[in-house]
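This is protein-v7.cif (mmCIF, C-alpha atoms and all ligand atoms).
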data_structure
#
loop_
_atom_site.label_atom_id
_atom_site.label_comp_id
_atom_site.auth_asym_id
_atom_site.auth_seq_id
_atom_site.Cartn_x
_atom_site.Cartn_y
_atom_site.Cartn_z
CA MET L 240 13.84 -11.46 -44.22
CA LYS L 241 17.12 -13.40 -43.88
CA PHE L 242 17.10 -15.94 -41.04
CA PHE L 243 20.06 -17.17 -38.97
CA ARG L 244 22.41 -19.57 -40.79
CA SER L 245 22.65 -21.93 -37.83
CA VAL L 246 20.63 -22.33 -34.66
CA LEU L 247 20.55 -24.44 -31.51
CA ILE L 248 17.11 -25.70 -30.53
CA THR L 249 16.93 -27.17 -27.05
CA GLY L 250 13.97 -29.41 -26.25
CA GLY L 251 13.56 -29.98 -29.99
CA ALA L 252 12.21 -33.51 -29.52
CA GLY L 253 9.25 -32.25 -27.49
CA PHE L 254 5.94 -30.89 -28.72
CA ILE L 255 6.57 -27.23 -29.65
CA GLY L 256 10.32 -27.70 -30.21
CA SER L 257 9.79 -30.43 -32.83
CA ASN L 258 7.07 -28.38 -34.55
CA PHE L 259 9.55 -25.48 -34.62
CA VAL L 260 12.22 -27.69 -36.25
CA HIS L 261 9.73 -28.68 -38.98
CA TYR L 262 8.62 -25.05 -39.32
CA LEU L 263 12.19 -23.79 -39.83
CA LEU L 264 13.12 -26.51 -42.33
CA LYS L 265 10.06 -25.59 -44.40
CA ASN L 266 10.24 -21.81 -44.15
CA TYR L 267 13.99 -21.19 -43.86
CA PRO L 268 15.54 -24.07 -45.83
CA GLU L 269 19.06 -22.61 -45.65
CA CYS L 270 19.15 -22.83 -41.86
CA LYS L 271 21.27 -25.50 -40.14
CA ILE L 272 19.77 -26.86 -36.94
CA THR L 273 21.33 -28.53 -33.91
CA VAL L 274 18.82 -30.11 -31.54
CA LEU L 275 19.87 -30.69 -27.93
CA ASP L 276 17.35 -32.76 -26.01
CA ALA L 277 17.63 -34.94 -22.91
CA LEU L 278 14.83 -37.23 -24.18
CA THR L 279 12.99 -37.24 -20.88
CA TYR L 280 9.61 -39.02 -20.76
CA ALA L 281 8.27 -36.01 -22.74
CA GLY L 282 10.88 -36.10 -25.50
CA ASN L 283 10.22 -38.36 -28.45
CA LEU L 284 12.61 -38.89 -31.36
CA GLU L 285 9.63 -40.06 -33.43
CA ASN L 286 8.63 -36.36 -33.58
CA LEU L 287 11.75 -35.78 -35.67
CA SER L 288 11.98 -39.13 -37.46
CA SER L 289 11.27 -37.60 -40.90
CA VAL L 290 14.17 -35.14 -40.60
CA LEU L 291 16.87 -36.97 -38.64
CA ASP L 292 18.64 -37.98 -41.87
CA ASP L 293 18.45 -34.45 -43.25
CA SER L 294 21.99 -33.04 -43.60
CA ARG L 295 20.75 -29.73 -42.12
CA VAL L 296 19.84 -31.39 -38.80
CA THR L 297 22.18 -32.63 -36.06
CA PHE L 298 20.69 -34.31 -32.99
CA ILE L 299 22.55 -34.40 -29.67
CA LYS L 300 21.10 -36.28 -26.71
CA GLY L 301 21.83 -34.51 -23.44
CA SER L 302 20.81 -31.98 -20.85
CA ILE L 303 20.90 -28.18 -20.86
CA CYS L 304 22.19 -28.53 -17.29
CA ASP L 305 25.50 -30.02 -18.57
CA PRO L 306 27.95 -27.13 -19.32
CA PRO L 307 30.60 -29.04 -21.37
CA LEU L 308 27.91 -30.64 -23.53
CA VAL L 309 26.08 -27.33 -24.01
CA SER L 310 29.37 -25.66 -24.94
CA LYS L 311 29.91 -28.31 -27.63
CA ALA L 312 26.32 -28.15 -28.91
CA ILE L 313 26.23 -24.36 -29.14
CA LYS L 314 29.41 -24.03 -31.21
CA GLY L 315 28.74 -22.23 -34.51
CA SER L 316 25.12 -21.35 -33.67
CA GLU L 317 24.03 -17.77 -34.30
CA ALA L 318 20.85 -18.13 -32.24
CA VAL L 319 19.60 -20.28 -29.38
CA PHE L 320 15.93 -21.20 -28.90
CA ASN L 321 15.38 -22.60 -25.42
CA PHE L 322 12.32 -24.86 -25.50
CA ALA L 323 13.79 -27.41 -23.07
CA ALA L 324 11.76 -27.57 -19.87
CA GLU L 325 9.72 -29.71 -17.57
CA THR L 326 6.25 -28.61 -18.61
CA HIS L 327 3.37 -30.48 -17.00
CA VAL L 328 1.64 -28.59 -14.19
CA ASP L 329 0.17 -31.76 -12.59
CA ARG L 330 3.61 -33.37 -12.35
CA SER L 331 5.06 -30.20 -10.81
CA ILE L 332 2.39 -30.37 -8.12
CA GLU L 333 3.58 -33.91 -7.27
CA GLU L 334 7.32 -33.10 -7.34
CA ALA L 335 9.05 -29.91 -8.46
CA GLY L 336 12.78 -30.69 -8.14
CA SER L 337 13.27 -31.55 -11.81
CA PHE L 338 11.35 -28.38 -12.79
CA ILE L 339 13.68 -26.16 -10.78
CA GLN L 340 16.68 -28.05 -12.13
CA THR L 341 15.83 -27.73 -15.83
CA ASP L 342 13.68 -24.60 -16.01
CA VAL L 343 15.91 -22.47 -13.76
CA PHE L 344 19.38 -24.01 -13.50
CA GLY L 345 19.26 -25.35 -17.07
CA THR L 346 18.32 -21.92 -18.43
CA TYR L 347 21.17 -20.36 -16.41
CA THR L 348 23.66 -22.90 -17.79
CA LEU L 349 22.50 -22.24 -21.32
CA LEU L 350 22.69 -18.46 -20.85
CA ARG L 351 26.29 -18.71 -19.61
CA GLN L 352 27.38 -20.84 -22.54
CA ALA L 353 25.50 -18.62 -24.99
CA LEU L 354 27.30 -15.57 -23.64
CA GLU L 355 30.67 -17.28 -23.91
CA SER L 356 30.07 -18.45 -27.46
CA GLY L 357 28.83 -15.00 -28.55
CA VAL L 358 25.45 -15.90 -30.08
CA GLU L 359 23.47 -13.08 -31.71
CA ARG L 360 20.10 -14.01 -30.12
CA PHE L 361 18.91 -16.02 -27.15
CA ILE L 362 15.19 -16.71 -27.35
CA GLN L 363 13.76 -17.88 -24.04
CA ILE L 364 10.47 -19.72 -24.61
CA SER L 365 8.15 -18.98 -21.73
CA THR L 366 4.48 -19.06 -20.87
CA ASP L 367 1.42 -16.99 -19.95
CA GLU L 368 1.30 -18.99 -16.70
CA VAL L 369 3.96 -16.73 -15.17
CA TYR L 370 1.27 -14.02 -14.71
CA GLY L 371 -1.00 -16.38 -12.76
CA SER L 372 -4.77 -16.31 -13.06
CA ALA L 373 -6.33 -13.29 -14.81
CA SER L 374 -9.21 -11.55 -13.08
CA ASP L 375 -10.82 -8.72 -15.02
CA ARG L 376 -8.00 -7.72 -17.37
CA ALA L 377 -5.73 -9.40 -19.91
CA PHE L 378 -2.08 -9.44 -18.88
CA ARG L 379 0.45 -7.20 -20.58
CA GLU L 380 4.18 -7.88 -20.71
CA ASP L 381 4.75 -5.52 -17.76
CA SER L 382 2.08 -7.12 -15.55
CA PRO L 383 3.44 -8.50 -12.28
CA LEU L 384 4.57 -12.12 -12.15
CA LYS L 385 2.28 -14.14 -9.87
CA PRO L 386 2.94 -17.83 -10.52
CA GLY L 387 0.23 -20.11 -9.15
CA ASN L 388 1.99 -23.49 -9.23
CA PRO L 389 5.53 -24.91 -9.02
CA TYR L 390 5.81 -25.21 -12.82
CA SER L 391 5.05 -21.55 -13.43
CA ALA L 392 7.27 -20.50 -10.53
CA SER L 393 10.15 -22.38 -12.21
CA LYS L 394 9.42 -20.69 -15.53
CA CYS L 395 9.52 -17.32 -13.72
CA GLY L 396 12.98 -18.28 -12.47
CA GLY L 397 14.15 -18.92 -16.04
CA ASP L 398 12.63 -15.66 -17.30
CA LEU L 399 14.12 -13.57 -14.51
CA MET L 400 17.55 -15.14 -14.96
CA SER L 401 17.37 -14.36 -18.70
CA LEU L 402 16.46 -10.71 -18.04
CA ALA L 403 19.19 -10.47 -15.41
CA PHE L 404 21.73 -11.74 -17.97
CA ARG L 405 20.52 -9.02 -20.34
CA ASN L 406 20.93 -6.35 -17.69
CA THR L 407 24.22 -7.57 -16.23
CA TYR L 408 26.13 -8.88 -19.24
CA GLN L 409 24.11 -7.46 -22.17
CA ALA L 410 23.21 -11.02 -23.24
CA PRO L 411 21.09 -10.83 -26.45
CA VAL L 412 17.95 -12.11 -24.76
CA VAL L 413 14.32 -11.92 -25.92
CA ILE L 414 11.45 -13.76 -24.24
CA THR L 415 8.23 -15.15 -25.69
CA ARG L 416 5.29 -15.95 -23.40
CA SER L 417 2.63 -17.87 -25.26
CA SER L 418 -0.76 -19.13 -24.27
CA ASN L 419 -1.80 -22.82 -24.39
CA ASN L 420 -0.60 -24.53 -27.56
CA PHE L 421 -2.19 -27.51 -29.27
CA GLY L 422 -1.48 -29.50 -32.43
CA PRO L 423 0.51 -32.51 -33.69
CA TYR L 424 3.05 -34.26 -31.44
CA GLN L 425 1.67 -32.91 -28.16
CA HIS L 426 2.17 -35.35 -25.30
CA VAL L 427 -1.00 -37.24 -24.27
CA GLU L 428 -0.67 -36.03 -20.68
CA LYS L 429 -1.96 -32.59 -21.78
CA PHE L 430 -5.66 -31.70 -21.93
CA ILE L 431 -6.49 -31.70 -25.67
CA PRO L 432 -4.48 -34.82 -26.70
CA LEU L 433 -5.65 -36.72 -23.60
CA PHE L 434 -9.28 -35.92 -24.36
CA ILE L 435 -8.99 -36.73 -28.08
CA THR L 436 -7.22 -40.05 -27.52
CA ASN L 437 -9.48 -41.08 -24.61
CA THR L 438 -12.50 -40.40 -26.81
CA ILE L 439 -11.04 -42.54 -29.60
CA GLU L 440 -10.33 -45.33 -27.08
CA GLY L 441 -13.87 -45.19 -25.66
CA LYS L 442 -12.64 -43.98 -22.25
CA ASP L 443 -14.02 -41.26 -19.99
CA LEU L 444 -12.74 -37.68 -20.14
CA PRO L 445 -11.48 -36.48 -16.71
CA LEU L 446 -12.49 -32.82 -16.46
CA TYR L 447 -11.11 -30.95 -13.43
CA GLY L 448 -13.48 -29.10 -11.08
CA ASP L 449 -16.52 -27.48 -12.71
CA GLY L 450 -14.88 -27.41 -16.16
CA MET L 451 -15.25 -23.62 -16.34
CA HIS L 452 -11.52 -22.83 -16.18
CA GLN L 453 -10.53 -20.93 -19.31
CA ARG L 454 -7.50 -21.28 -21.48
CA ASP L 455 -6.53 -19.09 -24.44
CA TRP L 456 -5.68 -21.58 -27.21
CA ILE L 457 -3.17 -21.12 -30.02
CA TYR L 458 -2.38 -23.59 -32.80
CA VAL L 459 1.28 -24.59 -32.53
CA ASP L 460 2.14 -23.43 -36.09
CA ASP L 461 1.05 -19.91 -35.16
CA ASN L 462 3.27 -19.95 -32.09
CA CYS L 463 6.18 -21.12 -34.30
CA SER L 464 5.72 -18.21 -36.72
CA ALA L 465 5.52 -15.80 -33.76
CA ILE L 466 8.74 -17.17 -32.23
CA ALA L 467 10.58 -16.87 -35.55
CA MET L 468 9.36 -13.28 -35.88
CA VAL L 469 10.47 -12.35 -32.36
CA ALA L 470 13.89 -13.88 -33.06
CA LEU L 471 14.27 -11.72 -36.16
CA LYS L 472 12.56 -8.48 -35.20
CA GLY L 473 12.14 -8.52 -31.42
CA GLU L 474 13.80 -5.86 -29.33
CA LEU L 475 16.62 -7.17 -27.14
CA GLY L 476 15.62 -7.40 -23.49
CA ALA L 477 11.91 -7.33 -24.34
CA VAL L 478 9.14 -9.80 -23.56
CA TYR L 479 6.48 -10.70 -26.16
CA ASN L 480 3.11 -12.20 -25.24
CA ILE L 481 1.83 -14.59 -27.91
CA GLY L 482 -1.87 -15.33 -27.98
CA ALA L 483 -4.57 -15.82 -30.59
CA GLY L 484 -7.45 -14.45 -28.49
CA GLU L 485 -9.27 -17.81 -28.56
CA SER L 486 -10.25 -18.14 -24.93
CA ARG L 487 -12.88 -20.73 -23.90
CA PRO L 488 -13.88 -22.83 -20.89
CA ASN L 489 -12.48 -26.37 -20.81
CA LEU L 490 -16.00 -27.83 -20.80
CA LEU L 491 -16.75 -26.33 -24.23
CA VAL L 492 -13.48 -27.65 -25.64
CA ALA L 493 -14.24 -31.13 -24.27
CA GLU L 494 -17.75 -31.05 -25.80
CA ARG L 495 -16.36 -29.93 -29.17
CA ILE L 496 -13.89 -32.84 -29.19
CA LEU L 497 -16.73 -35.30 -28.45
CA ASP L 498 -18.83 -33.72 -31.24
CA LEU L 499 -16.01 -34.00 -33.75
CA LEU L 500 -15.58 -37.69 -32.92
CA GLY L 501 -19.31 -38.44 -32.69
CA ALA L 502 -19.24 -39.45 -29.00
CA PRO L 503 -21.83 -38.58 -26.33
CA LYS L 504 -21.35 -35.80 -23.76
CA THR L 505 -21.88 -38.31 -20.94
CA ARG L 506 -18.27 -39.37 -21.48
CA ILE L 507 -17.22 -36.24 -19.59
CA VAL L 508 -16.58 -36.97 -15.90
CA PHE L 509 -16.12 -34.05 -13.49
CA ILE L 510 -13.31 -35.01 -11.13
CA GLU L 511 -11.55 -33.47 -8.12
CA ASP L 512 -9.98 -30.16 -9.11
CA ARG L 513 -6.26 -29.60 -9.67
CA LYS L 514 -4.64 -28.04 -6.58
CA GLY L 515 -4.11 -24.28 -7.00
CA HIS L 516 -5.83 -24.45 -10.42
CA ASP L 517 -5.50 -21.09 -12.24
CA ARG L 518 -9.01 -20.07 -13.29
CA VAL L 519 -8.36 -17.96 -16.39
CA TYR L 520 -5.39 -17.19 -18.60
CA ALA L 521 -5.76 -14.14 -20.80
CA MET L 522 -3.12 -12.03 -22.49
CA ASP L 523 -2.85 -8.80 -24.37
CA ALA L 524 -0.74 -9.61 -27.46
CA LYS L 525 -0.64 -6.13 -29.03
CA ARG L 526 3.16 -5.89 -28.83
CA ILE L 527 3.79 -8.86 -31.14
CA ARG L 528 0.96 -7.74 -33.43
CA LYS L 529 2.92 -4.50 -33.88
CA LEU L 530 5.83 -6.54 -35.27
CA GLY L 531 3.42 -7.66 -38.02
CA TRP L 532 2.49 -11.11 -36.68
CA LYS L 533 -1.02 -12.51 -36.74
CA PRO L 534 -2.38 -16.04 -36.25
CA GLU L 535 -3.41 -17.94 -39.37
CA TRP L 536 -5.60 -20.53 -37.63
CA ASP L 537 -8.94 -20.08 -35.90
CA PHE L 538 -9.64 -22.43 -33.01
CA ASP L 539 -12.35 -24.60 -34.64
CA ARG L 540 -10.38 -25.27 -37.83
CA ALA L 541 -7.20 -25.98 -35.85
CA LEU L 542 -9.02 -28.34 -33.47
CA GLU L 543 -10.48 -30.27 -36.42
CA GLN L 544 -6.99 -30.52 -37.93
CA THR L 545 -5.59 -31.72 -34.59
CA VAL L 546 -8.33 -34.34 -34.11
CA LYS L 547 -7.58 -35.60 -37.64
CA TRP L 548 -3.87 -35.79 -36.83
CA TYR L 549 -4.47 -37.95 -33.74
CA CYS L 550 -6.88 -40.17 -35.71
CA ASN L 551 -4.26 -40.66 -38.43
CA ASN L 552 -1.32 -41.17 -36.08
CA ARG L 553 -2.60 -43.79 -33.67
CA GLU L 554 0.73 -45.65 -33.55
CA TRP L 555 2.47 -42.50 -32.31
CA TRP L 556 0.20 -41.96 -29.29
CA GLU L 557 -0.60 -45.63 -28.62
CA SER L 558 3.08 -46.26 -28.07
CA VAL L 559 3.27 -43.32 -25.61
CA LYS L 560 0.12 -44.44 -23.80
CA SER L 561 1.28 -48.04 -23.48
CA GLY L 562 4.62 -47.09 -21.86
CA ALA L 563 5.34 -45.44 -18.51
CA PHE L 564 2.36 -43.14 -19.07
CA ARG L 565 -0.03 -45.98 -18.19
CA GLU L 566 1.28 -46.07 -14.62
CA TYR L 567 1.08 -42.27 -14.33
CA TYR L 568 -2.50 -42.30 -15.64
CA GLU L 569 -3.59 -45.00 -13.17
CA LYS L 570 -2.01 -43.20 -10.24
CA HIS L 571 -3.28 -39.75 -11.16
CA TYR L 572 -6.79 -40.48 -12.45
CA SER L 573 -8.19 -43.88 -11.38
CA LYS L 574 -9.49 -42.96 -7.94
CA LYS L 575 -10.64 -39.49 -9.04
CA LEU L 576 -12.56 -40.95 -12.00
CA LYS L 577 -14.32 -43.46 -9.72
CA GLU L 578 -15.37 -40.65 -7.38
CA GLY L 579 -16.27 -38.24 -10.23
CA LYS L 580 -19.67 -37.32 -11.65
CA SER L 581 -20.58 -37.98 -15.24
CA ARG L 582 -22.07 -35.12 -17.32
CA GLY L 583 -25.79 -35.61 -17.44
CA ALA L 584 -25.76 -38.01 -14.46
P1 LIG L 601 7.33 -30.80 -23.89
O1 LIG L 601 7.22 -31.28 -22.49
O2 LIG L 601 6.51 -31.43 -24.94
O3 LIG L 601 8.85 -30.87 -24.37
C1 LIG L 601 9.93 -30.53 -23.55
C2 LIG L 601 11.20 -31.09 -24.19
O4 LIG L 601 12.31 -30.68 -23.39
C3 LIG L 601 11.23 -32.62 -24.24
O5 LIG L 601 11.66 -33.05 -25.51
C4 LIG L 601 12.24 -33.01 -23.17
O6 LIG L 601 12.93 -34.21 -23.45
C5 LIG L 601 13.17 -31.80 -23.20
N1 LIG L 601 13.91 -31.61 -21.95
C6 LIG L 601 13.43 -31.64 -20.69
N2 LIG L 601 14.41 -31.43 -19.79
C7 LIG L 601 15.53 -31.23 -20.52
C8 LIG L 601 16.88 -30.94 -20.19
N3 LIG L 601 17.29 -30.81 -18.93
N4 LIG L 601 17.77 -30.77 -21.19
C9 LIG L 601 17.39 -30.91 -22.49
N5 LIG L 601 16.14 -31.21 -22.86
C10 LIG L 601 15.23 -31.35 -21.89
O7 LIG L 601 7.07 -29.23 -23.81
P2 LIG L 601 6.35 -28.23 -24.83
O8 LIG L 601 4.91 -28.22 -24.54
O9 LIG L 601 6.86 -28.49 -26.19
O10 LIG L 601 6.94 -26.85 -24.29
C11 LIG L 601 8.12 -26.30 -24.84
C12 LIG L 601 8.40 -24.97 -24.18
O11 LIG L 601 7.30 -24.09 -24.39
C13 LIG L 601 8.57 -25.05 -22.66
O12 LIG L 601 9.59 -24.17 -22.28
C14 LIG L 601 7.23 -24.60 -22.10
O13 LIG L 601 7.36 -24.01 -20.84
C15 LIG L 601 6.82 -23.58 -23.15
N6 LIG L 601 5.36 -23.39 -23.30
C16 LIG L 601 4.53 -24.44 -23.59
C17 LIG L 601 3.18 -24.22 -23.78
C18 LIG L 601 2.22 -25.33 -24.13
O14 LIG L 601 1.01 -25.09 -24.19
N7 LIG L 601 2.67 -26.54 -24.42
C19 LIG L 601 2.66 -22.93 -23.65
C20 LIG L 601 3.53 -21.88 -23.33
C21 LIG L 601 4.88 -22.13 -23.18
O1 LIG L 602 -6.96 -34.27 -17.35
C1 LIG L 602 -7.06 -33.04 -17.41
N1 LIG L 602 -8.27 -32.47 -17.11
C2 LIG L 602 -8.47 -31.11 -17.13
O2 LIG L 602 -9.59 -30.64 -16.85
C3 LIG L 602 -5.96 -32.18 -17.77
C4 LIG L 602 -4.61 -32.77 -18.09
C5 LIG L 602 -6.18 -30.82 -17.77
N2 LIG L 602 -7.38 -30.30 -17.46
C6 LIG L 602 -7.55 -28.82 -17.47
C7 LIG L 602 -6.54 -28.07 -16.64
C8 LIG L 602 -6.38 -26.77 -17.39
O3 LIG L 602 -7.39 -25.86 -16.98
O4 LIG L 602 -7.34 -28.39 -18.82
C9 LIG L 602 -6.62 -27.16 -18.85
C10 LIG L 602 -5.34 -27.36 -19.64
O5 LIG L 602 -4.51 -28.23 -18.89
P1 LIG L 602 -3.03 -28.64 -19.38
O6 LIG L 602 -3.09 -29.22 -20.75
O7 LIG L 602 -2.39 -29.43 -18.32
O8 LIG L 602 -2.36 -27.19 -19.57
P2 LIG L 602 -2.10 -26.00 -18.53
O9 LIG L 602 -2.09 -26.45 -17.15
O10 LIG L 602 -3.02 -24.87 -18.91
O11 LIG L 602 -0.59 -25.63 -18.96
C11 LIG L 602 -0.21 -25.60 -20.36
O12 LIG L 602 -0.19 -24.30 -20.85
C12 LIG L 602 0.85 -23.47 -20.44
C13 LIG L 602 1.12 -26.30 -20.60
O13 LIG L 602 1.09 -27.61 -20.10
C14 LIG L 602 2.24 -25.50 -20.02
O14 LIG L 602 3.48 -26.12 -20.31
C15 LIG L 602 2.19 -24.14 -20.62
O15 LIG L 602 3.19 -23.32 -20.09
#
As structure tokens, please, write out the structure in this file.
Ligand code: NAD
Ligand code: TDX
Amino acid sequence: MKFFRSVLITGGAGFIGSNFVHYLLKNYPECKITVLDALTYAGNLENLSSVLDDSRVTFIKGSICDPPLVSKAIKGSEAVFNFAAETHVDRSIEEAGSFIQTDVFGTYTLLRQALESGVERFIQISTDEVYGSASDRAFREDSPLKPGNPYSASKCGGDLMSLAFRNTYQAPVVITRSSNNFGPYQHVEKFIPLFITNTIEGKDLPLYGDGMHQRDWIYVDDNCSAIAMVALKGELGAVYNIGAGESRPNLLVAERILDLLGAPKTRIVFIEDRKGHDRVYAMDAKRIRKLGWKPEWDFDRALEQTVKWYCNNREWWESVKSGAFREYYEKHYSKKLKEGKSRGA
């Protein structure tokens, strides 16, 4: 199927956004890409270093909250993919102002400029977290929104604004809500990269609460193919859940990482739980399956691939861990790790 000739990717220097840039260049080589990214602590130009000289790619540093800049960046684009967001739940629990600013106001600014420039598609990248914690049933796209933390509440704001723009101005909006991604270029503040890199460094693994919280994992490449499919075939105004049906408790994931790296289970330390910690995320992804999408990666193979990537790209994550992240890690984990209980202790 023919893809868009030119697209704007916001947040393209982050984890999923940069994987999406690489995915498009490989699978739709005719497509011209403009990346707009504010390069916050989570953005990293290294994620795009192999393609920055490619004539198909233009990088613009700046915020989606800046209307004149967005207006310039969006010019000529047939589709907009909005990956830009503040994304770390723990940081949103500390301070949520920047989340509201980017995830709500930024999305609004982008929607306005997209409408003015007449793009054909606006793909809002959202999350399963907007449904809150699942009890006995997987969430469908029409399940009520019940955000459990300031991050997911901000993402709800962005989603609702997008749907309101569809209803009010017929903006060409579609929304994807995916489950937890993992893979190359994911920031070390997130669970899987933190646990892989801590294991490699010989450090303890800080597991929240009893470790029995469940996440439904999807390899980032599979999310990229789903997003591209929704952009091409998704119904305007619709929401698409994206999940691979690979739900497991955090403790099992932590143990698997230790196994893959040949480290003992005693490296796991149970620490004070995250405030308002959603217990289970689970989604019904039948709607996107009906478009013809299916994941290519099973969890174990994808985790092995991811562990290999972090082993082979030490410079990439060592430079992140040696910067401002060190201060964040000390502040967030030191005391909790001292008070925590080691597995097997
Ligand atoms: P990330 O934190 O790795 O990257 C976010 C990117 O957005 C960074 O490059 C950052 O510099 C940029 N950014 C932040 N504020 C900006 C602003 N005001 N203007 C322009 N750029 C800005 O995030 P990610 O994990 O790649 O997530 C991407 C999107 O996918 C987010 O919208 C997130 O809510 C959604 N999502 C993520 C996951 C996941 O598991 N990682 C799951 C579901 C949905
Ligand atoms: O140190 C940790 N210890 C721990 O036990 C960290 C960082 C996390 N965890 C637990 C909390 C969660 O149950 O691991 C699980 C995954 O945590 P995160 O990687 O922080 O992800 P989560 O909170 O599930 O949110 C992610 O998925 C949905 C992304 O960060 C969001 O951006 C996305 O929308």
Within 8 Å of ligand LIG 601 (chain L), which residues of chain L show up? Give each one with its shortest atom-to-atom distance in Å (one decimal) and the two atoms involved, counting only C-alpha atoms and all ligand atoms, rows by chain then rising residue number, as CSV.
residue,atom,partner,partner_atom,distance
L:Thr249,CA,L:LIG601,N5,5.9
L:Gly250,CA,L:LIG601,O4,3.5
L:Gly251,CA,L:LIG601,O5,5.8
L:Ala252,CA,L:LIG601,O5,4.1
L:Gly253,CA,L:LIG601,O5,3.2
L:Phe254,CA,L:LIG601,O9,3.6
L:Ile255,CA,L:LIG601,O9,3.7
L:Gly256,CA,L:LIG601,O9,5.4
L:Ser257,CA,L:LIG601,O9,7.5
L:Leu275,CA,L:LIG601,C9,6.0
L:Asp276,CA,L:LIG601,N5,3.7
L:Ala277,CA,L:LIG601,N5,4.0
L:Leu278,CA,L:LIG601,O6,3.6
L:Thr279,CA,L:LIG601,O6,4.0
L:Tyr280,CA,L:LIG601,O6,6.4
L:Ala281,CA,L:LIG601,C3,4.7
L:Gly282,CA,L:LIG601,O5,3.1
L:Asn283,CA,L:LIG601,O5,6.2
L:Lys300,CA,L:LIG601,C9,7.8
L:Gly301,CA,L:LIG601,C9,5.8
L:Ser302,CA,L:LIG601,N4,3.3
L:Ile303,CA,L:LIG601,N4,4.1
L:Cys304,CA,L:LIG601,N3,5.6
L:Asn321,CA,L:LIG601,O12,6.8
L:Phe322,CA,L:LIG601,C12,4.1
L:Ala323,CA,L:LIG601,O4,3.6
L:Ala324,CA,L:LIG601,C6,4.5
L:Glu325,CA,L:LIG601,C6,5.2
L:Thr326,CA,L:LIG601,O1,4.8
L:His327,CA,L:LIG601,O1,6.8
L:Gln340,CA,L:LIG601,N3,7.4
L:Thr341,CA,L:LIG601,N3,4.6
L:Asp342,CA,L:LIG601,O12,7.5
L:Gly345,CA,L:LIG601,N3,6.1
L:Gln363,CA,L:LIG601,O12,7.7
L:Ile364,CA,L:LIG601,O12,5.1
L:Ser365,CA,L:LIG601,C21,4.8
L:Thr366,CA,L:LIG601,C20,3.9
L:Asp367,CA,L:LIG601,C20,6.3
L:Glu368,CA,L:LIG601,C20,7.6
L:Lys394,CA,L:LIG601,O13,6.6
L:Arg416,CA,L:LIG601,C20,6.2
L:Ser417,CA,L:LIG601,C20,4.5
L:Ser418,CA,L:LIG601,C19,5.1
L:Asn419,CA,L:LIG601,O14,3.6
L:Asn420,CA,L:LIG601,O14,3.8
L:Phe421,CA,L:LIG601,O14,6.5
L:Tyr424,CA,L:LIG601,O2,7.9
L:Gln425,CA,L:LIG601,O2,6.0
L:His426,CA,L:LIG601,O2,5.9
Could you pull the residues within 6 Å of range 570-582 of chain L, counting all atoms listed in the file, minus those fewer than 6 positions along the same chain, as a list in words?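 Selected residues are Thr505, Ile507, Val508, Phe509 and Ile510 of chain L.
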Sorted per-residue table, range 494-529 of chain L near range 474-480 of chain L, closest atoms and distance, 8 Å, only C-alpha atoms, as a Markdown table:
| residue | atom | partner | partner_atom | distance |
| --- | --- | --- | --- | --- |
| L:Met522 | CA | L:Asn480 | CA | 6.8 |
| L:Asp523 | CA | L:Asn480 | CA | 6.9 |
| L:Ala524 | CA | L:Asn480 | CA | 5.1 |
| L:Arg526 | CA | L:Tyr479 | CA | 6.4 |
| L:Ile527 | CA | L:Tyr479 | CA | 6.0 |
Near-Gly482 in chain L list (12 Å; all atoms listed in the file; drop same-chain fewer than 4 positions) as a CSV table (one decimal) with C-alpha atoms, in the frame of the given file:
chain,number,residue,atom,x,y,z
L,366,THR,CA,4.5,-19.1,-20.9
L,367,ASP,CA,1.4,-17.0,-20.0
L,377,ALA,CA,-5.7,-9.4,-19.9
L,378,PHE,CA,-2.1,-9.4,-18.9
L,379,ARG,CA,0.4,-7.2,-20.6
L,415,THR,CA,8.2,-15.2,-25.7
L,416,ARG,CA,5.3,-16.0,-23.4
L,417,SER,CA,2.6,-17.9,-25.3
L,418,SER,CA,-0.8,-19.1,-24.3
L,419,ASN,CA,-1.8,-22.8,-24.4
L,420,ASN,CA,-0.6,-24.5,-27.6
L,454,ARG,CA,-7.5,-21.3,-21.5
L,455,ASP,CA,-6.5,-19.1,-24.4
L,456,TRP,CA,-5.7,-21.6,-27.2
L,457,ILE,CA,-3.2,-21.1,-30.0
L,458,TYR,CA,-2.4,-23.6,-32.8
L,459,VAL,CA,1.3,-24.6,-32.5
L,461,ASP,CA,1.0,-19.9,-35.2
L,462,ASN,CA,3.3,-20.0,-32.1
L,463,CYS,CA,6.2,-21.1,-34.3
L,464,SER,CA,5.7,-18.2,-36.7
L,465,ALA,CA,5.5,-15.8,-33.8
L,466,ILE,CA,8.7,-17.2,-32.2
L,486,SER,CA,-10.2,-18.1,-24.9
L,520,TYR,CA,-5.4,-17.2,-18.6
L,521,ALA,CA,-5.8,-14.1,-20.8
L,522,MET,CA,-3.1,-12.0,-22.5
L,523,ASP,CA,-2.8,-8.8,-24.4
L,524,ALA,CA,-0.7,-9.6,-27.5
L,525,LYS,CA,-0.6,-6.1,-29.0
L,526,ARG,CA,3.2,-5.9,-28.8
L,527,ILE,CA,3.8,-8.9,-31.1
L,528,ARG,CA,1.0,-7.7,-33.4
L,532,TRP,CA,2.5,-11.1,-36.7
L,533,LYS,CA,-1.0,-12.5,-36.7
L,534,PRO,CA,-2.4,-16.0,-36.2
L,535,GLU,CA,-3.4,-17.9,-39.4
L,536,TRP,CA,-5.6,-20.5,-37.6
L,537,ASP,CA,-8.9,-20.1,-35.9
L,538,PHE,CA,-9.6,-22.4,-33.0
